[in-house]
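The structure file coords18.txt is reproduced below (compact mmCIF, C-alpha atoms).
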# COMPACT_ATOMS: atom_id res chain seq x y z
CA SER A 1 -25.71 -25.40 -97.39
CA ILE A 2 -23.15 -25.66 -94.55
CA ARG A 3 -20.29 -25.66 -97.07
CA LEU A 4 -21.51 -22.36 -98.57
CA ILE A 5 -21.73 -20.68 -95.13
CA ILE A 6 -18.26 -21.97 -94.07
CA GLY A 7 -16.88 -20.62 -97.38
CA PHE A 8 -18.40 -17.20 -96.64
CA ILE A 9 -17.07 -17.21 -93.05
CA LEU A 10 -13.56 -18.01 -94.35
CA CYS A 11 -13.75 -15.22 -96.99
CA ALA A 12 -14.89 -12.77 -94.28
CA SER A 13 -12.14 -14.00 -91.90
CA SER A 14 -9.57 -13.43 -94.63
CA THR A 15 -10.70 -9.79 -94.94
CA VAL A 16 -10.27 -9.31 -91.17
CA PHE A 17 -6.84 -11.02 -91.23
CA MET A 18 -5.73 -8.58 -93.93
CA LEU A 19 -7.34 -5.62 -92.14
CA ASN A 20 -5.67 -6.53 -88.80
CA SER A 21 -2.27 -7.01 -90.45
CA ASN A 22 -2.03 -3.20 -90.18
CA LEU A 23 -0.18 -3.08 -93.50
CA GLY A 24 -2.86 -1.22 -95.47
CA LEU A 25 -6.27 -2.13 -96.87
CA SER A 26 -6.75 -4.76 -99.59
CA PRO A 27 -7.32 -3.31 -103.09
CA TRP A 28 -11.11 -3.81 -102.96
CA ASP A 29 -11.27 -2.18 -99.52
CA VAL A 30 -9.18 0.76 -100.81
CA PHE A 31 -11.83 0.99 -103.55
CA HIS A 32 -14.70 0.80 -101.01
CA GLN A 33 -13.03 3.41 -98.82
CA GLY A 34 -12.60 5.65 -101.88
CA ILE A 35 -16.31 5.34 -102.72
CA SER A 36 -17.09 6.01 -99.04
CA ASN A 37 -14.96 9.22 -99.15
CA VAL A 38 -16.72 10.52 -102.25
CA THR A 39 -20.33 9.53 -101.41
CA GLY A 40 -20.43 9.58 -97.59
CA MET A 41 -21.60 5.92 -97.45
CA THR A 42 -20.12 3.53 -94.86
CA ILE A 43 -17.49 1.07 -96.18
CA GLY A 44 -20.07 -1.74 -95.68
CA GLN A 45 -22.64 0.10 -97.84
CA ALA A 46 -19.96 0.84 -100.47
CA ASN A 47 -19.14 -2.89 -100.46
CA ILE A 48 -22.79 -3.79 -101.20
CA VAL A 49 -23.13 -1.10 -103.94
CA SER A 50 -19.91 -2.21 -105.64
CA GLY A 51 -21.18 -5.82 -105.40
CA ILE A 52 -24.36 -4.85 -107.28
CA ILE A 53 -22.34 -3.04 -110.00
CA VAL A 54 -20.09 -6.10 -110.37
CA ILE A 55 -23.18 -8.38 -110.65
CA ILE A 56 -24.27 -6.31 -113.67
CA ILE A 57 -20.81 -6.92 -115.22
CA CYS A 58 -21.22 -10.66 -114.44
CA ILE A 59 -24.52 -10.71 -116.34
CA GLY A 60 -22.69 -9.05 -119.28
CA LEU A 61 -20.08 -11.86 -119.12
CA LYS A 62 -22.97 -14.41 -119.19
CA GLN A 63 -22.10 -15.69 -115.69
CA ARG A 64 -25.04 -17.39 -113.97
CA ILE A 65 -26.38 -15.37 -111.07
CA GLY A 66 -27.21 -17.90 -108.38
CA ILE A 67 -28.58 -17.73 -104.86
CA GLY A 68 -24.93 -17.89 -103.69
CA THR A 69 -24.13 -14.69 -105.63
CA LEU A 70 -26.80 -12.69 -103.78
CA LEU A 71 -26.04 -14.26 -100.38
CA ASN A 72 -22.35 -13.46 -100.94
CA ILE A 73 -23.00 -9.71 -101.20
CA VAL A 74 -24.97 -9.53 -97.95
CA MET A 75 -23.48 -12.28 -95.78
CA ILE A 76 -19.74 -11.72 -96.27
CA GLY A 77 -20.21 -8.05 -95.27
CA LYS A 78 -22.19 -9.08 -92.17
CA PHE A 79 -19.64 -11.78 -91.21
CA VAL A 80 -16.78 -9.26 -91.59
CA ASP A 81 -18.51 -6.96 -89.06
CA ILE A 82 -19.23 -9.83 -86.63
CA ILE A 83 -15.67 -11.27 -86.78
CA ASP A 84 -14.11 -7.80 -86.57
CA GLU A 85 -16.19 -6.77 -83.53
CA SER A 86 -15.58 -10.10 -81.72
CA ASN A 87 -11.78 -9.50 -81.72
CA ILE A 88 -11.13 -13.23 -82.38
CA ILE A 89 -8.36 -12.34 -84.87
CA PRO A 90 -5.54 -10.43 -83.16
CA MET A 91 -3.95 -7.19 -84.37
CA ALA A 92 -0.42 -7.42 -85.80
CA ASN A 93 2.06 -5.16 -83.99
CA THR A 94 5.21 -5.85 -86.05
CA LEU A 95 5.93 -5.85 -89.77
CA PHE A 96 6.80 -9.58 -89.63
CA SER A 97 3.55 -10.61 -87.90
CA GLY A 98 1.65 -8.32 -90.30
CA ILE A 99 3.11 -10.07 -93.36
CA ILE A 100 2.34 -13.51 -91.84
CA MET A 101 -1.28 -12.43 -91.21
CA MET A 102 -1.53 -11.05 -94.73
CA MET A 103 -0.34 -14.40 -96.20
CA ILE A 104 -2.71 -16.40 -93.97
CA GLY A 105 -5.56 -14.10 -95.06
CA MET A 106 -4.87 -14.68 -98.76
CA PHE A 107 -4.73 -18.49 -98.45
CA VAL A 108 -7.88 -18.48 -96.26
CA MET A 109 -9.56 -16.45 -99.05
CA GLY A 110 -8.49 -19.09 -101.59
CA TYR A 111 -9.93 -21.91 -99.46
CA GLY A 112 -13.15 -19.96 -98.82
CA CYS A 113 -13.56 -19.40 -102.59
CA TYR A 114 -12.90 -23.10 -103.26
CA LEU A 115 -15.61 -24.13 -100.74
CA TYR A 116 -18.38 -21.81 -101.82
CA ILE A 117 -17.73 -21.78 -105.61
CA GLY A 118 -17.76 -25.61 -105.45
CA CYS A 119 -21.36 -25.50 -104.13
CA GLU A 120 -22.44 -24.56 -107.70
CA LEU A 121 -24.89 -21.96 -106.35
CA GLY A 122 -23.24 -19.02 -108.16
CA CYS A 123 -19.93 -17.22 -107.71
CA GLY A 124 -19.72 -14.11 -105.57
CA PRO A 125 -19.85 -11.10 -107.89
CA ARG A 126 -16.09 -10.40 -107.82
CA ASP A 127 -15.19 -14.07 -108.24
CA GLY A 128 -17.80 -14.30 -111.03
CA VAL A 129 -16.02 -11.56 -112.98
CA MET A 130 -12.67 -13.30 -112.30
CA VAL A 131 -13.96 -16.66 -113.60
CA GLY A 132 -15.94 -15.06 -116.47
CA LEU A 133 -12.95 -13.06 -117.77
CA SER A 134 -10.63 -16.05 -117.30
CA ASN A 135 -13.00 -18.09 -119.48
CA LYS A 136 -13.65 -15.36 -122.09
CA LEU A 137 -10.00 -14.25 -122.50
CA ASN A 138 -8.56 -17.75 -121.97
CA LYS A 139 -6.10 -16.39 -119.37
CA SER A 140 -5.11 -17.82 -115.97
CA ILE A 141 -7.04 -17.03 -112.76
CA LYS A 142 -3.89 -15.48 -111.21
CA LEU A 143 -3.41 -13.06 -114.15
CA ILE A 144 -7.09 -12.00 -114.29
CA ARG A 145 -7.45 -11.67 -110.50
CA GLY A 146 -4.20 -9.71 -110.26
CA SER A 147 -5.26 -7.34 -113.07
CA ILE A 148 -8.69 -6.70 -111.46
CA GLU A 149 -7.07 -6.03 -108.07
CA ILE A 150 -4.60 -3.53 -109.57
CA LEU A 151 -7.38 -1.73 -111.49
CA VAL A 152 -9.68 -1.30 -108.44
CA LEU A 153 -6.63 -0.30 -106.37
CA ILE A 154 -5.78 2.54 -108.79
CA ILE A 155 -9.41 3.78 -108.84
CA GLY A 156 -9.65 3.55 -105.01
CA PHE A 157 -6.36 5.40 -104.57
CA VAL A 158 -7.49 8.20 -106.93
CA LEU A 159 -10.72 8.47 -104.84
CA GLY A 160 -8.65 8.83 -101.64
CA GLY A 161 -8.51 5.26 -100.24
CA LYS A 162 -5.57 4.41 -97.94
CA VAL A 163 -2.76 2.37 -99.50
CA GLY A 164 0.06 0.58 -97.62
CA ILE A 165 2.69 -2.11 -98.26
CA GLY A 166 0.02 -4.77 -97.56
CA THR A 167 -2.16 -3.34 -100.34
CA LEU A 168 0.62 -4.02 -102.85
CA ILE A 169 1.38 -7.50 -101.41
CA SER A 170 -2.33 -8.33 -101.69
CA ALA A 171 -2.73 -6.92 -105.24
CA ILE A 172 0.26 -8.89 -106.54
CA SER A 173 -0.11 -12.13 -104.53
CA ILE A 174 -3.81 -12.87 -104.01
CA GLY A 175 -4.32 -14.34 -107.50
CA TYR A 176 -1.34 -16.68 -106.96
CA CYS A 177 -2.60 -17.75 -103.51
CA ILE A 178 -6.10 -18.55 -104.85
CA GLN A 179 -4.61 -20.44 -107.81
CA ILE A 180 -2.33 -22.49 -105.47
CA VAL A 181 -5.33 -23.55 -103.33
CA PHE A 182 -7.36 -24.45 -106.46
CA LYS A 183 -4.40 -26.51 -107.80
CA LEU A 184 -3.91 -28.32 -104.45
CA LYS A 185 -7.63 -29.15 -104.42
CA ASN A 186 -7.58 -30.06 -108.14
CA PHE A 187 -10.43 -27.57 -108.56
CA ASP A 188 -11.30 -26.01 -111.93
CA ALA A 189 -13.39 -22.93 -111.13
CA VAL A 190 -13.96 -22.10 -114.81
CA ASN A 191 -15.83 -25.36 -115.51
CA VAL A 192 -18.13 -25.36 -112.46
CA ARG A 193 -21.73 -25.29 -113.73
CA HIS A 194 -23.60 -22.95 -111.40
CA LYS A 195 -27.36 -23.22 -110.89
CA SER A 196 -29.13 -19.96 -111.67
CA ILE A 197 -31.70 -18.61 -109.18
CA MET A 198 -34.61 -19.90 -111.32
CA GLU A 199 -33.08 -23.41 -111.54
CA TYR A 200 -32.50 -23.40 -107.76
CA ILE A 201 -36.16 -22.45 -107.11
CA ARG A 202 -37.34 -25.22 -109.46
CA VAL A 203 -35.16 -27.78 -107.63

Please render this file's structure as structure tokens.
Amino acid sequence: SIRLIIGFILCASSTVFMLNSNLGLSPWDVFHQGISNVTGMTIGQANIVSGIIVIIICIGLKQRIGIGTLLNIVMIGKFVDIIDESNIIPMANTLFSGIIMMMIGMFVMGYGCYLYIGCELGCGPRDGVMVGLSNKLNKSIKLIRGSIEILVLIIGFVLGGKVGIGTLISAISIGYCIQIVFKLKNFDAVNVRHKSIMEYIRV
């Protein structure tokens, strides 16, 4: 669906916004870089491997694995490379412009999540864990997302990923930004009923 693809493009754009803010990698990218350091994989390959591991956690949390979940792993990584190489999104050259880009990136991520999760074709693996834990523990999206970001950040840092001021801004703020977008759109991610892959094939 067009909505799904636009959601993925926005999520990928948000990664490039945060990358080009020059304030440090986002927590997940610190984690991917850490895996890359230890294993010799590229950051893109580390992204896909971590996506597969997170899918296994999603299955444990009884989250439905939809066609959107699998497309998310492959397509967001590809879109990140395309957007990054096209130089559409400028590089920040001051702290102020970097912080502005970081904030834009986090809200763009929230809107991208709103678009593609609302397609009911399965959450991306990381968002699936966020929604699954939010449901299971009965805690807010911002608290769960923030806790996940801080955990992967610590692991990535221990494995040698690069951390900057932007990493901390992202870890603390991204859950709030996503929750603000969901509230503005009156969107309840926890109660979206995703179609599993088998249901999608039957349809």

May I ask which of the residues A:Met102, A:Ala46, A:Ile9, A:Leu137 is the closest one to Met75 (chain A), counting all atoms listed in the file?
A:Ile9

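Across the model, the gap from CA of Arg145 (chain A) to CA of Thr94 (chain A) is 28.1 Å.
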
Show which residues sit within 6 Å of Thr69 (chain A), as a list in words. Count all atoms listed in the file, and ignore same-chain residues fewer than 2 positions away.
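Neighbouring residues, sequence-local ones excluded: Ile65, Gly66, Ile67, Leu71, Asn72, Gly122, Cys123 and Gly124 of chain A.
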
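Neighbours of Tyr111 (chain A) closer than or equal to 9 Å, with only C-alpha atoms counted and sequence neighbours fewer than 5 positions away skipped, come out as Gly7, Leu10, Cys11, Met106, Tyr116, Ile178, Val181 and Phe182 of chain A.
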
Report the distance between CA of Ser50 (chain A) and CA of Cys177 (chain A) in Å, rounded to one decimal place.
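Between CA of Ser50 (chain A) and CA of Cys177 (chain A) the gap is 23.4 Å.
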
Selected residue of minimal separation from Ile48 (chain A) among A:Ile117, A:Ile88, A:Pro125, A:Leu23, counting only C-alpha atoms
A:Pro125

With only C-alpha atoms as the atoms that count, which of A:Phe79, A:Phe107, A:Phe8, A:Phe31 lies nearest to Ile180 (chain A)?
A:Phe107

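Shortest separation to Leu153 (chain A) among A:Ile83, A:Ser13, A:Cys58, A:Ala171 occurs at residue A:Ala171, atoms counted being all atoms listed in the file.
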